[in-house]
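S.K.: What follows is protein-v5.cif, mmCIF, N, CA and C atoms.
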```
data_my_file
#
loop_
_atom_site.group_PDB
_atom_site.id
_atom_site.type_symbol
_atom_site.label_atom_id
_atom_site.label_comp_id
_atom_site.auth_asym_id
_atom_site.auth_seq_id
_atom_site.Cartn_x
_atom_site.Cartn_y
_atom_site.Cartn_z
ATOM 1 N N GLY A 1 -103.211 -217.277 -34.162
ATOM 2 C CA GLY A 1 -104.174 -217.925 -34.992
ATOM 3 C C GLY A 1 -103.797 -219.369 -35.262
ATOM 4 N N PHE A 2 -104.733 -220.040 -35.810
ATOM 5 C CA PHE A 2 -104.570 -221.441 -36.165
ATOM 6 C C PHE A 2 -104.745 -221.600 -37.667
ATOM 7 N N ALA A 3 -104.094 -222.602 -38.237
ATOM 8 C CA ALA A 3 -104.252 -222.894 -39.660
ATOM 9 C C ALA A 3 -104.545 -224.378 -39.819
ATOM 10 N N LEU A 4 -105.589 -224.696 -40.553
ATOM 11 C CA LEU A 4 -105.932 -226.081 -40.864
ATOM 12 C C LEU A 4 -105.351 -226.367 -42.233
ATOM 13 N N VAL A 5 -104.378 -227.275 -42.293
ATOM 14 C CA VAL A 5 -103.646 -227.512 -43.537
ATOM 15 C C VAL A 5 -103.463 -229.000 -43.799
ATOM 16 N N GLY A 6 -103.145 -229.323 -45.040
ATOM 17 C CA GLY A 6 -102.777 -230.685 -45.395
ATOM 18 C C GLY A 6 -101.304 -230.892 -45.105
ATOM 19 N N TRP A 7 -100.950 -232.099 -44.682
ATOM 20 C CA TRP A 7 -99.562 -232.432 -44.366
ATOM 21 C C TRP A 7 -99.294 -233.851 -44.816
ATOM 22 N N CYS A 8 -98.181 -234.040 -45.511
ATOM 23 C CA CYS A 8 -97.833 -235.359 -46.044
ATOM 24 C C CYS A 8 -97.320 -236.307 -44.969
ATOM 25 N N GLY A 9 -96.949 -235.776 -43.812
ATOM 26 C CA GLY A 9 -96.431 -236.598 -42.722
ATOM 27 C C GLY A 9 -94.913 -236.559 -42.620
ATOM 28 N N SER A 10 -94.265 -235.855 -43.533
ATOM 29 C CA SER A 10 -92.810 -235.779 -43.553
ATOM 30 C C SER A 10 -92.291 -234.839 -42.469
ATOM 31 N N GLU A 11 -91.268 -235.283 -41.742
ATOM 32 C CA GLU A 11 -90.642 -234.423 -40.739
ATOM 33 C C GLU A 11 -89.992 -233.212 -41.394
ATOM 34 N N ALA A 12 -89.472 -233.391 -42.618
ATOM 35 C CA ALA A 12 -88.834 -232.283 -43.329
ATOM 36 C C ALA A 12 -89.836 -231.172 -43.630
ATOM 37 N N CYS A 13 -91.044 -231.541 -44.014
ATOM 38 C CA CYS A 13 -92.078 -230.536 -44.295
ATOM 39 C C CYS A 13 -92.492 -229.826 -43.016
ATOM 40 N N GLU A 14 -92.649 -230.565 -41.926
ATOM 41 C CA GLU A 14 -93.006 -229.945 -40.652
ATOM 42 C C GLU A 14 -91.895 -228.990 -40.200
ATOM 43 N N LYS A 15 -90.655 -229.397 -40.374
ATOM 44 C CA LYS A 15 -89.521 -228.560 -39.987
ATOM 45 C C LYS A 15 -89.495 -227.271 -40.810
ATOM 46 N N GLN A 16 -89.792 -227.372 -42.105
ATOM 47 C CA GLN A 16 -89.789 -226.193 -42.962
ATOM 48 C C GLN A 16 -90.872 -225.196 -42.534
ATOM 49 N N VAL A 17 -92.053 -225.696 -42.186
ATOM 50 C CA VAL A 17 -93.127 -224.819 -41.698
ATOM 51 C C VAL A 17 -92.660 -224.104 -40.434
ATOM 52 N N LYS A 18 -92.037 -224.836 -39.516
ATOM 53 C CA LYS A 18 -91.576 -224.239 -38.265
ATOM 54 C C LYS A 18 -90.519 -223.172 -38.523
ATOM 55 N N GLU A 19 -89.563 -223.453 -39.412
ATOM 56 C CA GLU A 19 -88.494 -222.496 -39.708
ATOM 57 C C GLU A 19 -89.038 -221.226 -40.353
ATOM 58 N N GLU A 20 -90.006 -221.358 -41.241
ATOM 59 C CA GLU A 20 -90.511 -220.210 -41.984
ATOM 60 C C GLU A 20 -91.570 -219.408 -41.227
ATOM 61 N N THR A 21 -92.336 -220.069 -40.347
ATOM 62 C CA THR A 21 -93.458 -219.375 -39.711
ATOM 63 C C THR A 21 -93.400 -219.378 -38.183
ATOM 64 N N GLY A 22 -92.636 -220.281 -37.607
ATOM 65 C CA GLY A 22 -92.624 -220.430 -36.158
ATOM 66 C C GLY A 22 -93.760 -221.306 -35.647
ATOM 67 N N ALA A 23 -94.609 -221.799 -36.541
ATOM 68 C CA ALA A 23 -95.744 -222.646 -36.172
ATOM 69 C C ALA A 23 -95.334 -224.116 -36.168
ATOM 70 N N THR A 24 -95.965 -224.874 -35.279
ATOM 71 C CA THR A 24 -95.749 -226.315 -35.225
ATOM 72 C C THR A 24 -97.101 -227.017 -35.246
ATOM 73 N N SER A 25 -97.070 -228.306 -35.544
ATOM 74 C CA SER A 25 -98.326 -229.061 -35.557
ATOM 75 C C SER A 25 -98.850 -229.163 -34.132
ATOM 76 N N ARG A 26 -100.144 -228.937 -33.974
ATOM 77 C CA ARG A 26 -100.771 -228.933 -32.654
ATOM 78 C C ARG A 26 -101.768 -230.059 -32.480
ATOM 79 N N ASN A 27 -102.440 -230.434 -33.568
ATOM 80 C CA ASN A 27 -103.527 -231.391 -33.430
ATOM 81 C C ASN A 27 -103.823 -232.013 -34.790
ATOM 82 N N ILE A 28 -104.113 -233.295 -34.793
ATOM 83 C CA ILE A 28 -104.619 -233.979 -35.983
ATOM 84 C C ILE A 28 -106.035 -234.434 -35.625
ATOM 85 N N PRO A 29 -107.043 -233.669 -36.044
ATOM 86 C CA PRO A 29 -108.423 -234.004 -35.662
ATOM 87 C C PRO A 29 -108.868 -235.352 -36.235
ATOM 88 N N PHE A 30 -109.652 -236.098 -35.464
ATOM 89 C CA PHE A 30 -110.202 -237.366 -35.942
ATOM 90 C C PHE A 30 -111.190 -237.122 -37.073
ATOM 91 N N GLU A 31 -112.008 -236.095 -36.932
ATOM 92 C CA GLU A 31 -113.008 -235.769 -37.945
ATOM 93 C C GLU A 31 -112.954 -234.272 -38.250
ATOM 94 N N PRO A 32 -111.979 -233.849 -39.077
ATOM 95 C CA PRO A 32 -111.893 -232.422 -39.399
ATOM 96 C C PRO A 32 -113.105 -231.981 -40.217
ATOM 97 N N PHE A 33 -113.497 -230.720 -40.050
ATOM 98 C CA PHE A 33 -114.662 -230.226 -40.786
ATOM 99 C C PHE A 33 -114.361 -230.074 -42.269
ATOM 100 N N GLU A 34 -113.069 -230.077 -42.625
ATOM 101 C CA GLU A 34 -112.658 -230.000 -44.024
ATOM 102 C C GLU A 34 -111.407 -230.858 -44.189
ATOM 103 N N HIS A 35 -111.400 -231.756 -45.172
ATOM 104 C CA HIS A 35 -110.237 -232.603 -45.429
ATOM 105 C C HIS A 35 -109.371 -231.946 -46.502
ATOM 106 N N LYS A 36 -108.102 -231.730 -46.166
ATOM 107 C CA LYS A 36 -107.149 -231.155 -47.112
ATOM 108 C C LYS A 36 -106.523 -232.295 -47.919
ATOM 109 N N THR A 37 -106.270 -232.051 -49.205
ATOM 110 C CA THR A 37 -105.784 -233.119 -50.080
ATOM 111 C C THR A 37 -104.320 -232.990 -50.464
ATOM 112 N N LYS A 38 -103.723 -231.798 -50.307
ATOM 113 C CA LYS A 38 -102.322 -231.595 -50.683
ATOM 114 C C LYS A 38 -101.528 -231.050 -49.508
ATOM 115 N N CYS A 39 -100.262 -231.483 -49.421
ATOM 116 C CA CYS A 39 -99.359 -230.995 -48.389
ATOM 117 C C CYS A 39 -99.082 -229.518 -48.609
ATOM 118 N N LEU A 40 -99.133 -228.751 -47.552
ATOM 119 C CA LEU A 40 -98.879 -227.321 -47.582
ATOM 120 C C LEU A 40 -97.499 -226.994 -48.141
ATOM 121 N N VAL A 41 -96.496 -227.827 -47.863
ATOM 122 C CA VAL A 41 -95.115 -227.536 -48.232
ATOM 123 C C VAL A 41 -94.728 -228.115 -49.583
ATOM 124 N N CYS A 42 -94.847 -229.427 -49.743
ATOM 125 C CA CYS A 42 -94.313 -230.084 -50.946
ATOM 126 C C CYS A 42 -95.351 -230.313 -52.037
ATOM 127 N N GLY A 43 -96.623 -230.212 -51.704
ATOM 128 C CA GLY A 43 -97.671 -230.404 -52.702
ATOM 129 C C GLY A 43 -98.039 -231.853 -52.954
ATOM 130 N N ASP A 44 -97.370 -232.790 -52.265
ATOM 131 C CA ASP A 44 -97.722 -234.206 -52.399
ATOM 132 C C ASP A 44 -99.077 -234.466 -51.746
ATOM 133 N N LYS A 45 -99.569 -235.672 -51.899
ATOM 134 C CA LYS A 45 -100.851 -236.048 -51.299
ATOM 135 C C LYS A 45 -100.768 -235.931 -49.780
ATOM 136 N N ALA A 46 -101.733 -235.265 -49.188
ATOM 137 C CA ALA A 46 -101.773 -235.095 -47.729
ATOM 138 C C ALA A 46 -102.212 -236.391 -47.067
ATOM 139 N N GLN A 47 -101.462 -236.814 -46.084
ATOM 140 C CA GLN A 47 -101.826 -237.996 -45.292
ATOM 141 C C GLN A 47 -102.698 -237.602 -44.103
ATOM 142 N N HIS A 48 -102.598 -236.324 -43.699
ATOM 143 C CA HIS A 48 -103.321 -235.829 -42.532
ATOM 144 C C HIS A 48 -103.822 -234.414 -42.794
ATOM 145 N N THR A 49 -104.905 -234.050 -42.150
ATOM 146 C CA THR A 49 -105.344 -232.666 -42.065
ATOM 147 C C THR A 49 -104.986 -232.231 -40.651
ATOM 148 N N VAL A 50 -104.122 -231.217 -40.540
ATOM 149 C CA VAL A 50 -103.489 -230.870 -39.277
ATOM 150 C C VAL A 50 -103.741 -229.412 -38.919
ATOM 151 N N VAL A 51 -103.819 -229.144 -37.620
ATOM 152 C CA VAL A 51 -103.882 -227.777 -37.124
ATOM 153 C C VAL A 51 -102.461 -227.356 -36.768
ATOM 154 N N PHE A 52 -101.977 -226.282 -37.404
ATOM 155 C CA PHE A 52 -100.685 -225.694 -37.076
ATOM 156 C C PHE A 52 -100.928 -224.379 -36.361
ATOM 157 N N ALA A 53 -100.077 -224.058 -35.382
ATOM 158 C CA ALA A 53 -100.190 -222.791 -34.659
ATOM 159 C C ALA A 53 -98.850 -222.457 -34.022
ATOM 160 N N ARG A 54 -98.699 -221.189 -33.672
ATOM 161 C CA ARG A 54 -97.518 -220.730 -32.962
ATOM 162 C C ARG A 54 -97.802 -220.730 -31.468
ATOM 163 N N ALA A 55 -96.781 -221.037 -30.684
ATOM 164 C CA ALA A 55 -96.885 -220.967 -29.228
ATOM 165 C C ALA A 55 -96.395 -219.595 -28.775
ATOM 166 N N TYR A 56 -97.094 -219.013 -27.844
ATOM 167 C CA TYR A 56 -96.702 -217.709 -27.320
ATOM 168 C C TYR A 56 -96.349 -217.791 -25.870
#
```
Starting from the file, give its structure as structure tokens.
M.R.:
Amino acid sequence: GFALVGWCGSEACEKQVKEETGATSRNIPFEPFEHKTKCLVCGDKAQHTVVFARAY
């Protein structure tokens, strides 16, 4: 599956998502159908709305 989430842009937050779920950032859409406002990990203001997914 895919998850559309907010991300602050921090490498530490991306690393934490990967360690806990095995998912990595896959795509930053130019025009996402929904804009996320808070980072999934730290709760800070999201700089990007990102698609995270696991590779199989």
S.K.: Work out how far CA of Arg26 (chain A) is from atom N of Ala55 (chain A), in Å to one decimal.
M.R.: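 It comes out at 9.1 Å.
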S.K.: Padding 3 Å on every side, please: axis-aligned box over the listed atoms of region 6-23 of chain A, centre and edge lengths to one decimal in Å, as AutoDock Vina command-line options.
M.R.:
```
--center_x -95.8 --center_y -228.0 --center_z -40.8 --size_x 20.7 --size_y 23.2 --size_z 16.4
```
S.K.: I want to know what sits within 8 Å of Cys42 (chain A), based on all atoms listed in the file, with residues of the same chain fewer than 5 positions away left out; could you give that as a count of residues only?
M.R.: 3
S.K.: Just give me the residues with any atom within 7 Å of (-106.7, -228.2, -38.5), file coordinates, counting all atoms listed in the file, written as an MDAnalysis selection string.
M.R.: chainID A and resid 2:5 27:29 32 49:52
S.K.: Expressed in Å to a single decimal, how great is the separation between CA of Glu19 (chain A) and atom N of Phe33 (chain A)?
M.R.: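 Here the two named atoms are 26.3 Å from each other.
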S.K.: From the options A:Gly1, A:Val17, A:His35, A:Gly6, which residue's atoms come nearest to Ala53 (chain A), counting all atoms listed in the file?
M.R.: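 Among the listed residues, the smallest separation from Ala53 (chain A) belongs to A:Gly1.
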S.K.: Applied to the shown file, which residues does the PyMOL selection byres (((chain A and resi 44 and name CA) around 12) and name CA) return, written as a PDB file with N, CA and C atoms, keeping the file's coordinate frame?
M.R.:
```
ATOM      1  N   GLY A   6    -103.145-229.323 -45.040  1.00  0.00           N
ATOM      2  CA  GLY A   6    -102.777-230.685 -45.395  1.00  0.00           C
ATOM      3  C   GLY A   6    -101.304-230.892 -45.105  1.00  0.00           C
ATOM      4  N   TRP A   7    -100.950-232.099 -44.682  1.00  0.00           N
ATOM      5  CA  TRP A   7     -99.562-232.432 -44.366  1.00  0.00           C
ATOM      6  C   TRP A   7     -99.294-233.851 -44.816  1.00  0.00           C
ATOM      7  N   CYS A   8     -98.181-234.040 -45.511  1.00  0.00           N
ATOM      8  CA  CYS A   8     -97.833-235.359 -46.044  1.00  0.00           C
ATOM      9  C   CYS A   8     -97.320-236.307 -44.969  1.00  0.00           C
ATOM     10  N   GLY A   9     -96.949-235.776 -43.812  1.00  0.00           N
ATOM     11  CA  GLY A   9     -96.431-236.598 -42.722  1.00  0.00           C
ATOM     12  C   GLY A   9     -94.913-236.559 -42.620  1.00  0.00           C
ATOM     13  N   SER A  10     -94.265-235.855 -43.533  1.00  0.00           N
ATOM     14  CA  SER A  10     -92.810-235.779 -43.553  1.00  0.00           C
ATOM     15  C   SER A  10     -92.291-234.839 -42.469  1.00  0.00           C
ATOM     16  N   CYS A  13     -91.044-231.541 -44.014  1.00  0.00           N
ATOM     17  CA  CYS A  13     -92.078-230.536 -44.295  1.00  0.00           C
ATOM     18  C   CYS A  13     -92.492-229.826 -43.016  1.00  0.00           C
ATOM     19  N   LYS A  36    -108.102-231.730 -46.166  1.00  0.00           N
ATOM     20  CA  LYS A  36    -107.149-231.155 -47.112  1.00  0.00           C
ATOM     21  C   LYS A  36    -106.523-232.295 -47.919  1.00  0.00           C
ATOM     22  N   THR A  37    -106.270-232.051 -49.205  1.00  0.00           N
ATOM     23  CA  THR A  37    -105.784-233.119 -50.080  1.00  0.00           C
ATOM     24  C   THR A  37    -104.320-232.990 -50.464  1.00  0.00           C
ATOM     25  N   LYS A  38    -103.723-231.798 -50.307  1.00  0.00           N
ATOM     26  CA  LYS A  38    -102.322-231.595 -50.683  1.00  0.00           C
ATOM     27  C   LYS A  38    -101.528-231.050 -49.508  1.00  0.00           C
ATOM     28  N   CYS A  39    -100.262-231.483 -49.421  1.00  0.00           N
ATOM     29  CA  CYS A  39     -99.359-230.995 -48.389  1.00  0.00           C
ATOM     30  C   CYS A  39     -99.082-229.518 -48.609  1.00  0.00           C
ATOM     31  N   LEU A  40     -99.133-228.751 -47.552  1.00  0.00           N
ATOM     32  CA  LEU A  40     -98.879-227.321 -47.582  1.00  0.00           C
ATOM     33  C   LEU A  40     -97.499-226.994 -48.141  1.00  0.00           C
ATOM     34  N   VAL A  41     -96.496-227.827 -47.863  1.00  0.00           N
ATOM     35  CA  VAL A  41     -95.115-227.536 -48.232  1.00  0.00           C
ATOM     36  C   VAL A  41     -94.728-228.115 -49.583  1.00  0.00           C
ATOM     37  N   CYS A  42     -94.847-229.427 -49.743  1.00  0.00           N
ATOM     38  CA  CYS A  42     -94.313-230.084 -50.946  1.00  0.00           C
ATOM     39  C   CYS A  42     -95.351-230.313 -52.037  1.00  0.00           C
ATOM     40  N   GLY A  43     -96.623-230.212 -51.704  1.00  0.00           N
ATOM     41  CA  GLY A  43     -97.671-230.404 -52.702  1.00  0.00           C
ATOM     42  C   GLY A  43     -98.039-231.853 -52.954  1.00  0.00           C
ATOM     43  N   LYS A  45     -99.569-235.672 -51.899  1.00  0.00           N
ATOM     44  CA  LYS A  45    -100.851-236.048 -51.299  1.00  0.00           C
ATOM     45  C   LYS A  45    -100.768-235.931 -49.780  1.00  0.00           C
ATOM     46  N   ALA A  46    -101.733-235.265 -49.188  1.00  0.00           N
ATOM     47  CA  ALA A  46    -101.773-235.095 -47.729  1.00  0.00           C
ATOM     48  C   ALA A  46    -102.212-236.391 -47.067  1.00  0.00           C
ATOM     49  N   GLN A  47    -101.462-236.814 -46.084  1.00  0.00           N
ATOM     50  CA  GLN A  47    -101.826-237.996 -45.292  1.00  0.00           C
ATOM     51  C   GLN A  47    -102.698-237.602 -44.103  1.00  0.00           C
ATOM     52  N   HIS A  48    -102.598-236.324 -43.699  1.00  0.00           N
ATOM     53  CA  HIS A  48    -103.321-235.829 -42.532  1.00  0.00           C
ATOM     54  C   HIS A  48    -103.822-234.414 -42.794  1.00  0.00           C
TER      55      HIS A  48
END
```
S.K.: What gap, in Å, lies between atom C of Glu20 (chain A) and atom C of Tyr56 (chain A)?
M.R.: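 Computing the Euclidean distance for atom C of Glu20 (chain A) and atom C of Tyr56 (chain A) yields 16.2 Å.
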S.K.: Could you go through chain A and tell me which residues DSSP, when run on the backbone, assigns to strand (DSSP E or B), listing them as a VMD selection string?
M.R.: chain A and resid 2 to 7 23 to 27 38 45 48 to 54
S.K.: Enumerate the residues of region 11-51 of chain A with a DSSP assignment of helix (DSSP H, G or I), computed from the backbone, and present them as an MDAnalysis selection string.
M.R.: chainID A and resid 11:21
